[in-house]
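This is query.tsv (TSV, C-alpha atoms and all ligand atoms).
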```
chain	number	residue	atom	x	y	z
A	1	MET	CA	-15.70	-12.38	6.02
A	2	ILE	CA	-17.20	-10.48	3.08
A	3	PRO	CA	-18.20	-12.70	0.11
A	4	ASP	CA	-16.53	-11.56	-3.16
A	5	GLN	CA	-14.54	-8.92	-1.28
A	6	LYS	CA	-11.79	-8.63	-3.89
A	7	GLU	CA	-14.22	-8.36	-6.78
A	8	ILE	CA	-16.13	-5.60	-4.95
A	9	VAL	CA	-12.91	-3.66	-4.28
A	10	ARG	CA	-11.51	-4.13	-7.82
A	11	ARG	CA	-14.78	-3.11	-9.52
A	12	GLY	CA	-15.22	-0.36	-6.95
A	13	TYR	CA	-11.89	1.31	-7.79
A	14	ASP	CA	-12.56	0.90	-11.53
A	15	LYS	CA	-15.70	2.96	-10.94
A	16	LEU	CA	-14.40	5.31	-8.24
A	17	SER	CA	-10.92	5.98	-9.56
A	18	TYR	CA	-11.52	9.64	-10.48
A	19	ALA	CA	-13.71	10.31	-7.45
A	20	TYR	CA	-10.87	9.04	-5.24
A	21	ARG	CA	-8.09	11.02	-6.94
A	22	SER	CA	-8.25	13.46	-9.87
A	23	ASP	CA	-5.57	13.82	-12.55
A	24	GLU	CA	-4.84	17.26	-11.04
A	25	THR	CA	-3.96	15.93	-7.58
A	26	PRO	CA	-1.00	18.05	-6.41
A	27	ASP	CA	2.22	16.59	-5.02
A	28	ASP	CA	1.46	18.14	-1.62
A	29	HIS	CA	-1.89	16.32	-1.29
A	30	ALA	CA	-2.36	15.02	2.28
A	31	GLU	CA	0.82	13.70	3.92
A	32	TYR	CA	2.34	11.69	1.06
A	33	ALA	CA	5.36	13.99	0.57
A	34	LYS	CA	6.20	13.63	4.27
A	35	TRP	CA	5.90	9.84	4.05
A	36	VAL	CA	8.06	9.64	0.93
A	37	SER	CA	10.68	11.81	2.64
A	38	ILE	CA	11.05	9.05	5.27
A	39	LEU	CA	12.52	6.89	2.49
A	40	SER	CA	14.39	9.76	0.79
A	41	LYS	CA	16.43	10.30	3.95
A	42	ARG	CA	17.51	6.66	4.04
A	43	LEU	CA	17.75	5.33	0.49
A	44	PRO	CA	20.07	6.21	-2.38
A	45	LYS	CA	18.73	7.60	-5.67
A	46	GLY	CA	17.55	4.82	-7.95
A	47	ALA	CA	16.81	2.35	-5.12
A	48	LEU	CA	14.23	-0.32	-6.01
A	49	VAL	CA	10.87	0.43	-4.37
A	50	LEU	CA	7.63	-1.58	-4.56
A	51	ASP	CA	4.29	0.24	-4.17
A	52	LEU	CA	1.52	-2.24	-3.33
A	53	GLY	CA	-1.92	-0.89	-4.27
A	54	CYS	CA	-0.50	2.14	-6.08
A	55	GLY	CA	-3.88	3.38	-7.33
A	56	CYS	CA	-3.61	5.99	-10.12
A	57	GLY	CA	-0.11	6.84	-8.92
A	58	LEU	CA	-0.91	10.32	-7.55
A	59	PRO	CA	0.71	11.54	-5.54
A	60	GLY	CA	2.65	8.71	-3.83
A	61	THR	CA	4.08	6.71	-6.75
A	62	LYS	CA	4.85	9.91	-8.65
A	63	LEU	CA	6.76	11.42	-5.72
A	64	MET	CA	8.74	8.21	-5.19
A	65	SER	CA	9.51	7.75	-8.87
A	66	ALA	CA	11.22	11.17	-8.94
A	67	GLU	CA	13.94	9.56	-6.79
A	68	PHE	CA	13.60	5.80	-6.96
A	69	ASP	CA	13.07	2.96	-9.43
A	70	VAL	CA	9.44	2.19	-8.60
A	71	THR	CA	7.21	-0.79	-9.41
A	72	GLY	CA	3.51	-0.25	-8.72
A	73	VAL	CA	0.98	-3.06	-8.34
A	74	ASP	CA	-2.79	-2.64	-8.49
A	75	PHE	CA	-5.60	-4.90	-9.66
A	76	SER	CA	-7.93	-2.14	-10.89
A	77	GLU	CA	-7.41	-1.76	-14.65
A	78	VAL	CA	-8.66	1.83	-14.57
A	79	GLN	CA	-6.23	2.76	-11.79
A	80	ILE	CA	-3.29	1.10	-13.56
A	81	GLN	CA	-4.12	2.63	-16.97
A	82	ARG	CA	-4.18	6.07	-15.36
A	83	ALA	CA	-0.98	5.38	-13.42
A	84	ARG	CA	0.87	4.40	-16.62
A	85	LYS	CA	-0.08	7.78	-18.16
A	86	LEU	CA	0.35	9.92	-15.03
A	87	VAL	CA	3.64	8.40	-13.82
A	88	SER	CA	5.50	7.36	-16.96
A	89	SER	CA	8.80	6.86	-15.14
A	90	ALA	CA	7.52	3.95	-13.01
A	91	ARG	CA	6.60	0.42	-14.15
A	92	PHE	CA	3.22	-1.03	-13.30
A	93	ILE	CA	1.78	-4.52	-12.90
A	94	CYS	CA	-1.99	-5.03	-13.09
A	95	SER	CA	-2.47	-7.88	-10.64
A	96	ASP	CA	-3.90	-8.95	-7.34
A	97	ILE	CA	-1.19	-8.36	-4.72
A	98	SER	CA	-1.72	-11.92	-3.55
A	99	ASP	CA	-0.65	-13.25	-6.95
A	100	VAL	CA	2.58	-11.30	-7.54
A	101	GLU	CA	5.97	-12.78	-6.81
A	102	PHE	CA	9.38	-11.11	-6.70
A	103	PRO	CA	12.88	-12.45	-6.13
A	104	SER	CA	13.89	-12.63	-2.51
A	105	GLY	CA	15.98	-9.70	-1.29
A	106	HIS	CA	14.99	-7.60	-4.32
A	107	PHE	CA	13.58	-4.33	-2.96
A	108	ALA	CA	15.14	-1.61	-0.82
A	109	ALA	CA	11.64	-0.64	0.35
A	110	VAL	CA	8.04	-1.77	0.08
A	111	VAL	CA	5.29	0.80	0.64
A	112	SER	CA	1.55	0.28	0.82
A	113	PHE	CA	-0.77	3.20	1.49
A	114	TYR	CA	-4.47	2.56	2.32
A	115	THR	CA	-4.52	-0.80	0.50
A	116	ILE	CA	-3.96	-3.69	2.94
A	117	ILE	CA	-7.12	-2.48	4.73
A	118	HIS	CA	-9.11	-3.45	1.60
A	119	MET	CA	-7.73	-6.98	1.37
A	120	PRO	CA	-9.45	-10.00	2.94
A	121	LEU	CA	-8.26	-10.14	6.54
A	122	GLY	CA	-7.11	-13.73	6.21
A	123	GLU	CA	-4.42	-12.62	3.73
A	124	HIS	CA	-2.79	-9.87	5.81
A	125	ARG	CA	-0.51	-11.96	7.99
A	126	GLY	CA	0.90	-13.94	5.06
A	127	LEU	CA	1.42	-10.75	3.05
A	128	PHE	CA	3.87	-9.41	5.65
A	129	ARG	CA	5.86	-12.64	5.37
A	130	ARG	CA	5.98	-12.27	1.58
A	131	ILE	CA	6.99	-8.59	1.86
A	132	ALA	CA	9.75	-9.50	4.31
A	133	SER	CA	11.13	-12.02	1.83
A	134	TRP	CA	11.15	-9.46	-1.03
A	135	LEU	CA	13.09	-6.92	1.04
A	136	ARG	CA	16.84	-6.88	0.99
A	137	PRO	CA	18.65	-6.91	4.36
A	138	ARG	CA	18.10	-3.50	6.02
A	139	GLY	CA	15.21	-2.84	3.60
A	140	TYR	CA	12.16	-0.88	4.79
A	141	LEU	CA	8.43	-1.42	5.01
A	142	LEU	CA	6.24	1.70	5.18
A	143	ALA	CA	2.58	0.73	5.37
A	144	ILE	CA	-0.80	2.03	6.43
A	145	VAL	CA	-2.73	-0.61	8.38
A	146	GLY	CA	-5.80	-0.60	10.60
A	147	HIS	CA	-5.85	1.22	13.93
A	148	ASN	CA	-9.03	-0.33	15.30
A	149	ALA	CA	-10.32	-3.65	13.97
A	150	TRP	CA	-13.19	-3.18	11.52
A	151	THR	CA	-14.92	-4.98	8.69
A	152	GLY	CA	-17.60	-3.24	6.67
A	153	THR	CA	-19.01	-2.10	3.36
A	154	ALA	CA	-20.27	1.15	1.85
A	155	GLU	CA	-22.86	1.16	-0.92
A	156	SER	CA	-22.01	4.61	-2.35
A	157	TYR	CA	-18.42	5.29	-1.31
A	158	LEU	CA	-17.31	8.90	-1.89
A	159	GLY	CA	-20.90	9.70	-2.82
A	160	VAL	CA	-20.71	7.72	-6.08
A	161	GLU	CA	-23.97	5.90	-6.80
A	162	GLY	CA	-23.30	2.17	-7.18
A	163	GLY	CA	-19.75	2.67	-5.94
A	164	LYS	CA	-19.76	-0.26	-3.56
A	165	MET	CA	-16.62	-0.66	-1.47
A	166	CYS	CA	-15.43	-2.81	1.41
A	167	TRP	CA	-12.70	-2.95	4.00
A	168	SER	CA	-11.47	-5.49	6.53
A	169	HIS	CA	-8.68	-4.92	8.97
A	170	ALA	CA	-7.32	-5.91	12.34
A	171	ASP	CA	-6.20	-3.51	15.08
A	172	GLU	CA	-2.79	-1.90	15.49
A	173	ALA	CA	-1.51	-4.35	18.12
A	174	THR	CA	-2.29	-7.31	15.84
A	175	TYR	CA	-0.43	-5.71	12.91
A	176	LEU	CA	2.61	-4.96	15.06
A	177	LYS	CA	2.62	-8.64	16.10
A	178	TRP	CA	2.24	-9.93	12.54
A	179	ILE	CA	4.93	-7.58	11.20
A	180	SER	CA	7.35	-8.61	13.96
A	181	GLU	CA	6.56	-12.28	13.36
A	182	SER	CA	7.44	-11.81	9.67
A	183	GLY	CA	11.00	-11.01	10.77
A	184	LEU	CA	10.83	-7.20	10.39
A	185	HIS	CA	11.69	-4.85	13.25
A	186	VAL	CA	9.04	-2.20	13.89
A	187	ARG	CA	10.99	1.08	14.15
A	188	TRP	CA	8.00	3.29	14.91
A	189	LYS	CA	4.29	3.69	14.26
A	190	CYS	CA	1.98	6.67	14.34
A	191	PHE	CA	-1.72	7.46	14.16
A	192	ILE	CA	-3.00	9.01	10.92
A	193	PRO	CA	-6.37	10.62	11.70
A	194	GLU	CA	-9.25	10.46	9.21
A	195	GLY	CA	-12.60	11.94	10.20
A	196	GLU	CA	-13.57	10.57	13.57
A	197	SER	CA	-11.30	7.57	13.24
A	198	GLY	CA	-7.96	6.87	11.52
A	199	HIS	CA	-5.26	4.39	10.60
A	200	THR	CA	-1.79	3.42	11.74
A	201	LEU	CA	1.34	4.14	9.70
A	202	VAL	CA	4.05	1.57	10.45
A	203	PHE	CA	7.72	1.90	9.61
A	204	ALA	CA	9.66	-1.37	9.90
A	205	GLN	CA	13.06	-2.63	8.80
A	206	LYS	CA	14.49	-5.98	7.83
A	207	PRO	CA	17.52	-6.83	9.96
A	208	PRO	CA	20.98	-7.37	8.50
A	209	VAL	CA	21.61	-10.92	7.23
A	210	ASP	CA	23.88	-11.97	10.05
A	211	GLU	CA	21.50	-10.93	12.87
A	212	GLY	CA	20.62	-13.76	15.21
A	213	ARG	CA	23.31	-16.13	14.00
B	1	LIG	C1	-7.47	3.48	-1.28
B	1	LIG	S1	-6.64	3.15	-2.78
B	1	LIG	C2	-5.00	3.76	-2.39
B	1	LIG	C3	-4.19	4.09	-3.62
B	1	LIG	C4	-2.82	4.69	-3.30
B	1	LIG	N1	-1.99	3.77	-2.55
B	1	LIG	C5	-2.98	5.96	-2.52
B	1	LIG	O1	-2.69	5.97	-1.31
B	1	LIG	O2	-3.39	6.97	-3.12
B	1	LIG	C6	-6.40	1.39	-2.65
B	1	LIG	C7	-5.89	0.75	-3.93
B	1	LIG	O3	-5.54	-0.60	-3.66
B	1	LIG	C8	-5.96	-1.42	-4.73
B	1	LIG	N2	-6.14	-2.78	-4.19
B	1	LIG	C9	-6.93	-3.18	-3.17
B	1	LIG	N3	-6.81	-4.50	-2.95
B	1	LIG	C10	-5.91	-4.95	-3.87
B	1	LIG	C11	-5.38	-6.24	-4.17
B	1	LIG	N4	-5.75	-7.33	-3.50
B	1	LIG	N5	-4.48	-6.34	-5.19
B	1	LIG	C12	-4.12	-5.24	-5.89
B	1	LIG	N6	-4.60	-3.99	-5.66
B	1	LIG	C13	-5.49	-3.86	-4.66
B	1	LIG	C14	-7.24	-0.77	-5.22
B	1	LIG	O4	-7.54	-1.13	-6.56
B	1	LIG	C15	-6.92	0.71	-5.07
B	1	LIG	O5	-6.37	1.26	-6.23
```

Go ahead and render the structure in this file as structure tokens.
Ligand SMILES: C[S@@+](CC[C@H](N)C(=O)[O-])C[C@H]1O[C@@H](n2cnc3c(N)ncnc32)[C@H](O)[C@@H]1O
Amino acid sequence: MIPDQKEIVRRGYDKLSYAYRSDETPDDHAEYAKWVSILSKRLPKGALVLDLGCGCGLPGTKLMSAEFDVTGVDFSEVQIQRARKLVSSARFICSDISDVEFPSGHFAAVVSFYTIIHMPLGEHRGLFRRIASWLRPRGYLLAIVGHNAWTGTAESYLGVEGGKMCWSHADEATYLKWISESGLHVRWKCFIPEGESGHTLVFAQKPPVDEGR
């Protein structure tokens, strides 16, 4: 457990926002367009999508908001202020993910890229239960989670002096168990390499209402 983990992450992204992603980040940055296309193939235009830990909105929230009705959540004021300017077609909530509530069955999809790994580990399992409740029947979860279990801090993340950052995550098998326990069916998962390590991208779906009755 890292003392003050959330405060370190929130302040860290306030400070590191531009180092992490510039205003000029192109739509084809990394693999976001490919990930968004996973939803594009399955959801109608205008579907309600929740982006947990949306950051400054580039490129993921922006790409999704070209097709869907997107709500982004992030607790860094700098990230959210930038997102409101950079992605004017989406709506944004500046809040800790652990504090937001949505009606049950509200969203067609919930995405979370590189964010759950920053949250205190003790909150991950419960978050999947909350996400499952917000999804409508047959709704999708597309999330980046840990591949190998790791908890740690960096004092100058991305080379920014004083840019302290921390992470805590379980391993892939644990996430697959927690996601299944939340009532979602894991459709597939894949490894997303980063340097000498990497993360797991999980695609899961809420079953239809009558399943299991
Ligand atoms: C690594 S960035 C990823 C941003 C964006 N999803 C992307 O892939 O470009 C992680 C983001 O999650 C946000 N975040 C981390 N923990 C959070 C929490 N508990 N509540 C809300 N936002 C959180 C951070 O402020 C940061 O903007």

Practice prompt. Find the residue from A:Gly183, A:Gly139, A:Gly53, A:Pro103 that sits nearest to ligand LIG 1 (chain B); use only C-alpha atoms and all ligand atoms when measuring.
Written response: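 That would be A:Gly53, the residue with the smallest distance to ligand LIG 1 (chain B).
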
Worksheet item: Could you pull the residues within 7 Å of region 77-85 of chain A, counting only C-alpha atoms, minus those fewer than 3 positions along the same chain, as a count of residues only?
Response: 9

Worksheet item: Which chains and residue numbers are within 8 Å of ligand LIG 1 (chain B), counting only C-alpha atoms and all ligand atoms, if I want them as a ChimeraX atom specification?
Response: /A:6,9-10,12-14,17,20-21,32,51-61,73-76,79-80,94-98,112-120

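One finds CA of Ser65 (chain A) at 10.1 Å from CA of Val36 (chain A).
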
Worksheet item: Which distance in Å separates CA of His169 (chain A) and CA of Gly198 (chain A), to one decimal?
Response: 12.1 Å

Practice prompt. Figure out the distance between CA of Arg187 (chain A) and CA of Gln205 (chain A), please, to one decimal in Å.
Written response: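 CA of Arg187 (chain A) lies 6.8 Å from CA of Gln205 (chain A).
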
Item to complete: Go ahead and find all residues with at least one atom no further than 12 Å from (17.4, -5.8, 11.3) in the file's coordinates, using only C-alpha atoms; report them as a ChimeraX atom specification.
Response: /A:132,135-141,180,182-187,204-212

I need the chosen residues saved as an mmCIF file, keeping the file's coordinate frame, with C-alpha atoms.
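Writing the result to result.cif gives the following:
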```cif
data_model
loop_
_atom_site.group_PDB
_atom_site.id
_atom_site.type_symbol
_atom_site.label_atom_id
_atom_site.label_comp_id
_atom_site.auth_asym_id
_atom_site.auth_seq_id
_atom_site.Cartn_x
_atom_site.Cartn_y
_atom_site.Cartn_z
ATOM 1 C CA ALA A 132 9.750 -9.500 4.310
ATOM 2 C CA LEU A 135 13.090 -6.920 1.040
ATOM 3 C CA ARG A 136 16.840 -6.880 0.990
ATOM 4 C CA PRO A 137 18.650 -6.910 4.360
ATOM 5 C CA ARG A 138 18.100 -3.500 6.020
ATOM 6 C CA GLY A 139 15.210 -2.840 3.600
ATOM 7 C CA TYR A 140 12.160 -0.880 4.790
ATOM 8 C CA LEU A 141 8.430 -1.420 5.010
ATOM 9 C CA SER A 180 7.350 -8.610 13.960
ATOM 10 C CA SER A 182 7.440 -11.810 9.670
ATOM 11 C CA GLY A 183 11.000 -11.010 10.770
ATOM 12 C CA LEU A 184 10.830 -7.200 10.390
ATOM 13 C CA HIS A 185 11.690 -4.850 13.250
ATOM 14 C CA VAL A 186 9.040 -2.200 13.890
ATOM 15 C CA ARG A 187 10.990 1.080 14.150
ATOM 16 C CA ALA A 204 9.660 -1.370 9.900
ATOM 17 C CA GLN A 205 13.060 -2.630 8.800
ATOM 18 C CA LYS A 206 14.490 -5.980 7.830
ATOM 19 C CA PRO A 207 17.520 -6.830 9.960
ATOM 20 C CA PRO A 208 20.980 -7.370 8.500
ATOM 21 C CA VAL A 209 21.610 -10.920 7.230
ATOM 22 C CA ASP A 210 23.880 -11.970 10.050
ATOM 23 C CA GLU A 211 21.500 -10.930 12.870
ATOM 24 C CA GLY A 212 20.620 -13.760 15.210
#
```

Item to complete: Give the answer as one residue: which of A:Leu176, A:Leu16, A:Met1, A:Leu142 has the shortest atom-to-atom distance to Lys164 (chain A), using all atoms listed in the file?
Response: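 Using all atoms listed in the file, the shortest distance to Lys164 (chain A) belongs to A:Leu16.
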
Report as JSON the centre and the edge lengths, in Å to one decimal, of the axis-aligned box holding every listed atom of region 59-67 of chain A, padded by 4 Å on each side.
```
{"center_x": 7.3, "center_y": 9.1, "center_z": -6.4, "size_x": 21.2, "size_y": 12.8, "size_z": 13.1}
```

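These residues, each with an atom at most 8 Å from (-6.1, -7.1, 8.5) using only C-alpha atoms, are Ile116, Ile117, Met119, Pro120, Leu121, Gly122, Glu123, His124, Arg125, Val145, Gly146, Ala149, Ser168, His169, Ala170, Asp171 and Tyr175 of chain A.
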
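In this comparison, which uses all atoms listed in the file, the residue of A:Lys41, A:Ile144, A:His29, A:Val111 approaching Thr71 (chain A) most closely is A:Val111.
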